[in-house]
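The next block holds one structure in the form of structure tokens; read it before the comments.
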Amino acid sequence: MMSKFKHIRGAFIDLIGDTGSYTEPEKFLINNPSKASSELQFLTTVYQNTVDRISEKLNYLARLEELILQIRAMEDLSEIKLSIVRGEYIYARSPFLRIDSSTKDLRVIVGKIEEFGKNLEELEKNPIFILKAKLKLIKSMKNMIVKTAAALPGLGDLSTNLYKDDNDNRIDYPLSSPNFN
């Protein structure tokens with residue numbers, strides 16, 4: 001079972017929100033009474049100006065948190081949920097944050113039910129199938145991590161290390177694992 005907040009909650013991410021919602025500081029500011037005193041108006045202006053001065057740094061920290069949470073999700077790929085989509089595809093999904101996305105998980109097609117069957121409980125216990133799901137999730141996660149890193153100054157070369165060892169030692173490979181593409 002997927003825990004609701006594992007690898008998708010961050011301190012600054014939650015502070016700044018996403019592009020489709022108010023930030024926490026904006027929510028704080030709009031709660032002023034309609035007839036505010038001059039003292040309250042002054043303090044609100046000081047607050048707003050201070051937020052404006054540090055917002056670029058807060059946004060950078062939120063994007064850095066996004067990258068950290070993405071790598072954590074990839075390195076701790078313990079939560080995989082299987083489902084059947086459109087009656088023929090077996091999807092695997094795992095928590096994976098993208099700030100500007102409404103979904104907080106990553107979904108990949110692992111295969112078709114004609115090849116693997118419909119029994120998801122059996123597939124969840126099948127080490128070969130789970131390995132295939134993990135490898136597809138990791139490949140997709142790495143691609144998104146590289147894009148996230150490229151958007152952050154000084155982190156664009158992260159892909160060099162990320163793809164250095166695609167035989168990730170954190171995955172428990174079965175003794176006779178087939179070559180999955």
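Following the order of the structure tokens, chains are lettered A, B, ..., residues in each are numbered from 1, and ligands are numbered from 1.
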
Return as CSV the residues of region 47-84 of chain A lying at most 8 Å from region 127-141 of chain A, together with the closest atom-to-atom pair for each and the distance in Å to one decimal, counting only C-alpha atoms, with rows in chain order and ascending residue number.
```
residue,atom,partner,partner_atom,distance
A:Gln70,CA,A:Met141,CA,7.4
A:Met74,CA,A:Ile138,CA,6.1
A:Leu77,CA,A:Lys134,CA,7.3
```

Exercise for the section: Taking the chain letters and numbering used in this document, name the residues of chain A that DSSP puts in strand (DSSP E or B), as a VMD selection string. Expected result: chain A and resid 81 to 85 89 to 95 105 to 112

Would you save the residues of that selection, restricted to C-alpha atoms, as a compact mmCIF listing (two decimals), in the first residue's frame?
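Saved as selection26.txt:
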```txt
# COMPACT_ATOMS: atom_id res chain seq x y z
CA LYS A 81 1.08 -0.42 -6.91
CA LEU A 82 -0.11 -2.42 -9.90
CA SER A 83 -3.31 -1.76 -11.82
CA ILE A 84 -4.95 -2.69 -15.09
CA VAL A 85 -5.78 0.15 -17.44
CA TYR A 89 -2.29 -2.83 -19.89
CA ILE A 90 -0.61 -3.50 -16.55
CA TYR A 91 0.57 -0.26 -14.99
CA ALA A 92 3.00 0.14 -12.14
CA ARG A 93 2.99 3.33 -10.12
CA SER A 94 5.09 4.66 -7.32
CA PRO A 95 5.21 7.96 -5.38
CA ASP A 105 3.17 9.49 -8.55
CA LEU A 106 4.83 8.07 -11.63
CA ARG A 107 3.08 5.53 -13.82
CA VAL A 108 4.59 3.22 -16.41
CA ILE A 109 3.21 0.45 -18.58
CA VAL A 110 4.91 -2.79 -17.59
CA GLY A 111 3.18 -5.02 -20.11
CA LYS A 112 -0.09 -6.41 -21.39
```

Helix (DSSP H, G or I) call set, DSSP backbone run, chain A, as an mmCIF file with N, CA and C atoms, in the first residue's frame:
```
data_model
loop_
_atom_site.group_PDB
_atom_site.id
_atom_site.type_symbol
_atom_site.label_atom_id
_atom_site.label_comp_id
_atom_site.auth_asym_id
_atom_site.auth_seq_id
_atom_site.Cartn_x
_atom_site.Cartn_y
_atom_site.Cartn_z
ATOM 1 N N ALA A 11 9.581 20.818 2.930
ATOM 2 C CA ALA A 11 9.339 22.019 3.730
ATOM 3 C C ALA A 11 9.052 23.229 2.841
ATOM 4 N N PHE A 12 9.935 23.522 1.914
ATOM 5 C CA PHE A 12 9.766 24.699 1.064
ATOM 6 C C PHE A 12 8.765 24.445 -0.052
ATOM 7 N N ILE A 13 8.664 23.199 -0.494
ATOM 8 C CA ILE A 13 7.660 22.859 -1.507
ATOM 9 C C ILE A 13 6.279 23.175 -0.970
ATOM 10 N N ASP A 14 6.016 22.779 0.255
ATOM 11 C CA ASP A 14 4.711 23.049 0.849
ATOM 12 C C ASP A 14 4.520 24.543 1.106
ATOM 13 N N LEU A 15 5.596 25.260 1.340
ATOM 14 C CA LEU A 15 5.522 26.693 1.586
ATOM 15 C C LEU A 15 5.149 27.464 0.322
ATOM 16 N N ILE A 16 5.794 27.115 -0.796
ATOM 17 C CA ILE A 16 5.539 27.876 -2.021
ATOM 18 C C ILE A 16 4.401 27.300 -2.858
ATOM 19 N N GLU A 24 1.887 29.887 0.677
ATOM 20 C CA GLU A 24 1.513 30.102 2.075
ATOM 21 C C GLU A 24 1.645 31.573 2.471
ATOM 22 N N PRO A 25 2.718 32.279 2.069
ATOM 23 C CA PRO A 25 2.775 33.710 2.383
ATOM 24 C C PRO A 25 1.618 34.506 1.749
ATOM 25 N N GLU A 26 1.224 34.154 0.513
ATOM 26 C CA GLU A 26 0.088 34.836 -0.117
ATOM 27 C C GLU A 26 -1.200 34.573 0.653
ATOM 28 N N LYS A 27 -1.389 33.343 1.081
ATOM 29 C CA LYS A 27 -2.575 33.007 1.883
ATOM 30 C C LYS A 27 -2.578 33.827 3.175
ATOM 31 N N PHE A 28 -1.404 33.971 3.768
ATOM 32 C CA PHE A 28 -1.281 34.751 4.999
ATOM 33 C C PHE A 28 -1.676 36.207 4.752
ATOM 34 N N LEU A 29 -1.204 36.769 3.657
ATOM 35 C CA LEU A 29 -1.450 38.179 3.358
ATOM 36 C C LEU A 29 -2.913 38.488 3.030
ATOM 37 N N SER A 38 -3.478 51.586 9.825
ATOM 38 C CA SER A 38 -2.240 51.999 9.152
ATOM 39 C C SER A 38 -1.062 51.149 9.643
ATOM 40 N N GLU A 39 -1.073 50.747 10.927
ATOM 41 C CA GLU A 39 -0.007 49.887 11.455
ATOM 42 C C GLU A 39 -0.026 48.519 10.765
ATOM 43 N N LEU A 40 -1.229 47.954 10.627
ATOM 44 C CA LEU A 40 -1.345 46.649 9.978
ATOM 45 C C LEU A 40 -0.965 46.751 8.503
ATOM 46 N N GLN A 41 -1.367 47.811 7.839
ATOM 47 C CA GLN A 41 -0.991 48.003 6.441
ATOM 48 C C GLN A 41 0.521 48.127 6.296
ATOM 49 N N PHE A 42 1.151 48.869 7.201
ATOM 50 C CA PHE A 42 2.607 49.022 7.182
ATOM 51 C C PHE A 42 3.306 47.670 7.366
ATOM 52 N N LEU A 43 2.882 46.910 8.387
ATOM 53 C CA LEU A 43 3.504 45.601 8.651
ATOM 54 C C LEU A 43 3.280 44.632 7.499
ATOM 55 N N THR A 44 2.119 44.692 6.904
ATOM 56 C CA THR A 44 1.813 43.826 5.760
ATOM 57 C C THR A 44 2.721 44.171 4.578
ATOM 58 N N THR A 45 2.952 45.441 4.368
ATOM 59 C CA THR A 45 3.845 45.879 3.284
ATOM 60 C C THR A 45 5.282 45.426 3.558
ATOM 61 N N VAL A 46 5.741 45.577 4.790
ATOM 62 C CA VAL A 46 7.088 45.114 5.151
ATOM 63 C C VAL A 46 7.188 43.608 4.905
ATOM 64 N N TYR A 47 6.176 42.879 5.329
ATOM 65 C CA TYR A 47 6.147 41.417 5.129
ATOM 66 C C TYR A 47 6.216 41.079 3.644
ATOM 67 N N GLN A 48 5.349 41.720 2.848
ATOM 68 C CA GLN A 48 5.307 41.461 1.408
ATOM 69 C C GLN A 48 6.651 41.768 0.755
ATOM 70 N N ASN A 49 7.264 42.886 1.105
ATOM 71 C CA ASN A 49 8.558 43.254 0.534
ATOM 72 C C ASN A 49 9.638 42.242 0.905
ATOM 73 N N THR A 50 9.592 41.756 2.128
ATOM 74 C CA THR A 50 10.575 40.757 2.571
ATOM 75 C C THR A 50 10.374 39.442 1.824
ATOM 76 N N VAL A 51 9.143 39.016 1.676
ATOM 77 C CA VAL A 51 8.848 37.794 0.905
ATOM 78 C C VAL A 51 9.330 37.955 -0.527
ATOM 79 N N ASP A 52 9.075 39.114 -1.109
ATOM 80 C CA ASP A 52 9.511 39.356 -2.490
ATOM 81 C C ASP A 52 11.038 39.242 -2.620
ATOM 82 N N ARG A 53 11.762 39.745 -1.622
ATOM 83 C CA ARG A 53 13.237 39.696 -1.672
ATOM 84 C C ARG A 53 13.771 38.270 -1.573
ATOM 85 N N ILE A 54 13.079 37.398 -0.868
ATOM 86 C CA ILE A 54 13.607 36.040 -0.671
ATOM 87 C C ILE A 54 12.887 34.979 -1.508
ATOM 88 N N SER A 55 11.896 35.388 -2.283
ATOM 89 C CA SER A 55 11.096 34.393 -3.016
ATOM 90 C C SER A 55 11.922 33.587 -4.018
ATOM 91 N N GLU A 56 12.901 34.212 -4.648
ATOM 92 C CA GLU A 56 13.748 33.478 -5.601
ATOM 93 C C GLU A 56 14.516 32.364 -4.878
ATOM 94 N N LYS A 57 15.024 32.664 -3.689
ATOM 95 C CA LYS A 57 15.740 31.653 -2.905
ATOM 96 C C LYS A 57 14.795 30.552 -2.432
ATOM 97 N N LEU A 58 13.588 30.930 -2.035
ATOM 98 C CA LEU A 58 12.608 29.935 -1.609
ATOM 99 C C LEU A 58 12.231 29.002 -2.766
ATOM 100 N N ASN A 59 12.045 29.589 -3.945
ATOM 101 C CA ASN A 59 11.725 28.779 -5.125
ATOM 102 C C ASN A 59 12.873 27.830 -5.467
ATOM 103 N N TYR A 60 14.102 28.305 -5.341
ATOM 104 C CA TYR A 60 15.254 27.445 -5.599
ATOM 105 C C TYR A 60 15.272 26.279 -4.600
ATOM 106 N N LEU A 61 15.048 26.593 -3.327
ATOM 107 C CA LEU A 61 15.028 25.536 -2.311
ATOM 108 C C LEU A 61 13.910 24.533 -2.562
ATOM 109 N N ALA A 62 12.759 25.007 -3.003
ATOM 110 C CA ALA A 62 11.652 24.107 -3.311
ATOM 111 C C ALA A 62 12.018 23.189 -4.475
ATOM 112 N N ARG A 63 12.642 23.730 -5.498
ATOM 113 C CA ARG A 63 13.060 22.910 -6.650
ATOM 114 C C ARG A 63 14.166 21.925 -6.254
ATOM 115 N N LEU A 64 15.042 22.351 -5.362
ATOM 116 C CA LEU A 64 16.071 21.451 -4.858
ATOM 117 C C LEU A 64 15.431 20.321 -4.045
ATOM 118 N N GLU A 65 14.453 20.654 -3.241
ATOM 119 C CA GLU A 65 13.712 19.622 -2.499
ATOM 120 C C GLU A 65 13.029 18.654 -3.456
ATOM 121 N N GLU A 66 12.449 19.178 -4.522
ATOM 122 C CA GLU A 66 11.809 18.329 -5.525
ATOM 123 C C GLU A 66 12.812 17.303 -6.055
ATOM 124 N N LEU A 67 14.007 17.758 -6.384
ATOM 125 C CA LEU A 67 15.046 16.873 -6.895
ATOM 126 C C LEU A 67 15.449 15.830 -5.850
ATOM 127 N N ILE A 68 15.635 16.265 -4.619
ATOM 128 C CA ILE A 68 16.002 15.336 -3.536
ATOM 129 C C ILE A 68 14.909 14.292 -3.347
ATOM 130 N N LEU A 69 13.655 14.730 -3.330
ATOM 131 C CA LEU A 69 12.542 13.797 -3.140
ATOM 132 C C LEU A 69 12.423 12.827 -4.314
ATOM 133 N N GLN A 70 12.722 13.289 -5.514
ATOM 134 C CA GLN A 70 12.685 12.402 -6.679
ATOM 135 C C GLN A 70 13.753 11.310 -6.557
ATOM 136 N N ILE A 71 14.947 11.704 -6.148
ATOM 137 C CA ILE A 71 16.021 10.717 -6.000
ATOM 138 C C ILE A 71 15.714 9.761 -4.845
ATOM 139 N N ARG A 72 15.167 10.277 -3.758
ATOM 140 C CA ARG A 72 14.754 9.398 -2.658
ATOM 141 C C ARG A 72 13.734 8.367 -3.134
ATOM 142 N N ALA A 73 12.762 8.824 -3.919
ATOM 143 C CA ALA A 73 11.739 7.914 -4.429
ATOM 144 C C ALA A 73 12.361 6.824 -5.290
ATOM 145 N N MET A 74 13.334 7.202 -6.108
ATOM 146 C CA MET A 74 13.991 6.222 -6.972
ATOM 147 C C MET A 74 14.848 5.257 -6.161
ATOM 148 N N GLU A 75 15.554 5.771 -5.165
ATOM 149 C CA GLU A 75 16.453 4.923 -4.384
ATOM 150 C C GLU A 75 15.709 4.053 -3.374
ATOM 151 N N ILE A 113 -1.863 -7.639 -20.304
ATOM 152 C CA ILE A 113 -2.411 -8.770 -19.555
ATOM 153 C C ILE A 113 -2.371 -10.051 -20.389
ATOM 154 N N GLU A 114 -2.381 -9.934 -21.710
ATOM 155 C CA GLU A 114 -2.295 -11.131 -22.552
ATOM 156 C C GLU A 114 -0.951 -11.844 -22.361
ATOM 157 N N GLU A 115 0.063 -11.100 -21.955
ATOM 158 C CA GLU A 115 1.390 -11.686 -21.717
ATOM 159 C C GLU A 115 1.563 -12.152 -20.275
ATOM 160 N N PHE A 116 1.030 -11.382 -19.306
ATOM 161 C CA PHE A 116 1.301 -11.663 -17.894
ATOM 162 C C PHE A 116 0.088 -12.118 -17.099
ATOM 163 N N LEU A 120 -3.310 -9.520 -10.339
ATOM 164 C CA LEU A 120 -2.322 -8.560 -9.841
ATOM 165 C C LEU A 120 -1.647 -9.051 -8.555
ATOM 166 N N GLU A 121 -2.378 -9.790 -7.729
ATOM 167 C CA GLU A 121 -1.776 -10.325 -6.496
ATOM 168 C C GLU A 121 -0.636 -11.283 -6.822
ATOM 169 N N GLU A 122 -0.830 -12.129 -7.822
ATOM 170 C CA GLU A 122 0.243 -13.041 -8.244
ATOM 171 C C GLU A 122 1.414 -12.264 -8.829
ATOM 172 N N LEU A 123 1.117 -11.251 -9.630
ATOM 173 C CA LEU A 123 2.181 -10.457 -10.246
ATOM 174 C C LEU A 123 2.987 -9.704 -9.187
ATOM 175 N N GLU A 124 2.331 -9.227 -8.128
ATOM 176 C CA GLU A 124 3.043 -8.533 -7.052
ATOM 177 C C GLU A 124 4.015 -9.461 -6.325
ATOM 178 N N LYS A 125 3.755 -10.756 -6.356
ATOM 179 C CA LYS A 125 4.624 -11.747 -5.699
ATOM 180 C C LYS A 125 5.661 -12.333 -6.662
ATOM 181 N N PRO A 127 8.875 -12.174 -8.593
ATOM 182 C CA PRO A 127 10.082 -11.343 -8.577
ATOM 183 C C PRO A 127 10.534 -10.887 -9.967
ATOM 184 N N ILE A 128 10.295 -11.690 -10.979
ATOM 185 C CA ILE A 128 10.694 -11.317 -12.340
ATOM 186 C C ILE A 128 9.831 -10.143 -12.826
ATOM 187 N N PHE A 129 8.530 -10.233 -12.588
ATOM 188 C CA PHE A 129 7.635 -9.155 -13.009
ATOM 189 C C PHE A 129 7.931 -7.869 -12.232
ATOM 190 N N ILE A 130 8.125 -7.993 -10.923
ATOM 191 C CA ILE A 130 8.418 -6.805 -10.105
ATOM 192 C C ILE A 130 9.747 -6.182 -10.534
ATOM 193 N N LEU A 131 10.718 -6.996 -10.875
ATOM 194 C CA LEU A 131 11.987 -6.461 -11.380
ATOM 195 C C LEU A 131 11.755 -5.665 -12.656
ATOM 196 N N LYS A 132 10.955 -6.205 -13.554
ATOM 197 C CA LYS A 132 10.652 -5.492 -14.792
ATOM 198 C C LYS A 132 9.972 -4.159 -14.484
ATOM 199 N N ALA A 133 9.027 -4.166 -13.561
ATOM 200 C CA ALA A 133 8.333 -2.934 -13.171
ATOM 201 C C ALA A 133 9.322 -1.934 -12.579
ATOM 202 N N LYS A 134 10.205 -2.396 -11.692
ATOM 203 C CA LYS A 134 11.182 -1.502 -11.063
ATOM 204 C C LYS A 134 12.124 -0.896 -12.098
ATOM 205 N N LEU A 135 12.588 -1.702 -13.019
ATOM 206 C CA LEU A 135 13.515 -1.193 -14.041
ATOM 207 C C LEU A 135 12.851 -0.139 -14.923
ATOM 208 N N LYS A 136 11.589 -0.356 -15.275
ATOM 209 C CA LYS A 136 10.877 0.633 -16.089
ATOM 210 C C LYS A 136 10.620 1.914 -15.292
ATOM 211 N N LEU A 137 10.253 1.759 -14.019
ATOM 212 C CA LEU A 137 10.049 2.941 -13.177
ATOM 213 C C LEU A 137 11.349 3.722 -13.015
ATOM 214 N N ILE A 138 12.444 3.022 -12.752
ATOM 215 C CA ILE A 138 13.735 3.688 -12.563
ATOM 216 C C ILE A 138 14.163 4.420 -13.834
ATOM 217 N N LYS A 139 13.983 3.798 -14.970
ATOM 218 C CA LYS A 139 14.351 4.451 -16.233
ATOM 219 C C LYS A 139 13.556 5.744 -16.415
ATOM 220 N N SER A 140 12.268 5.690 -16.164
ATOM 221 C CA SER A 140 11.432 6.881 -16.298
ATOM 222 C C SER A 140 11.788 7.932 -15.247
ATOM 223 N N MET A 141 12.043 7.483 -14.009
ATOM 224 C CA MET A 141 12.431 8.406 -12.942
ATOM 225 C C MET A 141 13.739 9.107 -13.274
ATOM 226 N N LYS A 142 14.717 8.368 -13.778
ATOM 227 C CA LYS A 142 16.000 8.975 -14.128
ATOM 228 C C LYS A 142 15.822 10.063 -15.176
ATOM 229 N N ASN A 143 14.987 9.806 -16.166
ATOM 230 C CA ASN A 143 14.748 10.823 -17.200
ATOM 231 C C ASN A 143 14.155 12.091 -16.600
ATOM 232 N N MET A 144 13.230 11.938 -15.671
ATOM 233 C CA MET A 144 12.617 13.113 -15.047
ATOM 234 C C MET A 144 13.575 13.803 -14.089
ATOM 235 N N ILE A 145 14.388 13.040 -13.394
ATOM 236 C CA ILE A 145 15.379 13.613 -12.479
ATOM 237 C C ILE A 145 16.384 14.460 -13.257
ATOM 238 N N VAL A 146 16.810 13.983 -14.397
ATOM 239 C CA VAL A 146 17.751 14.736 -15.230
ATOM 240 C C VAL A 146 17.127 16.064 -15.654
ATOM 241 N N LYS A 147 15.856 16.063 -16.020
ATOM 242 C CA LYS A 147 15.174 17.304 -16.408
ATOM 243 C C LYS A 147 15.059 18.256 -15.227
ATOM 244 N N THR A 148 14.729 17.724 -14.052
ATOM 245 C CA THR A 148 14.627 18.566 -12.857
ATOM 246 C C THR A 148 15.982 19.178 -12.533
ATOM 247 N N ALA A 149 17.043 18.371 -12.587
ATOM 248 C CA ALA A 149 18.391 18.851 -12.271
ATOM 249 C C ALA A 149 18.854 19.895 -13.287
ATOM 250 N N ALA A 150 18.524 19.687 -14.548
ATOM 251 C CA ALA A 150 18.958 20.622 -15.594
ATOM 252 C C ALA A 150 18.363 22.017 -15.390
ATOM 253 N N LEU A 158 24.299 16.377 -13.278
ATOM 254 C CA LEU A 158 23.913 15.262 -12.414
ATOM 255 C C LEU A 158 23.710 13.976 -13.214
ATOM 256 N N SER A 159 23.296 14.106 -14.469
ATOM 257 C CA SER A 159 23.021 12.929 -15.281
ATOM 258 C C SER A 159 24.253 12.060 -15.474
ATOM 259 N N THR A 160 25.424 12.640 -15.452
ATOM 260 C CA THR A 160 26.652 11.857 -15.601
ATOM 261 C C THR A 160 26.745 10.794 -14.510
ATOM 262 N N ASN A 161 26.518 11.189 -13.274
ATOM 263 C CA ASN A 161 26.559 10.240 -12.168
ATOM 264 C C ASN A 161 25.324 9.366 -12.113
ATOM 265 N N LEU A 162 24.191 9.889 -12.504
ATOM 266 C CA LEU A 162 22.935 9.159 -12.420
ATOM 267 C C LEU A 162 22.929 7.939 -13.328
#
```

Exercise for the section: Kindly give the distance, in Å, that separates CA of Glu88 (chain A) and CA of Asp100 (chain A), rounded to a single decimal. Expected result: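 Between these atoms lies a distance of 29.3 Å.
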
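CA of Gly17 (chain A) lies 7.9 Å from CA of Ile99 (chain A).
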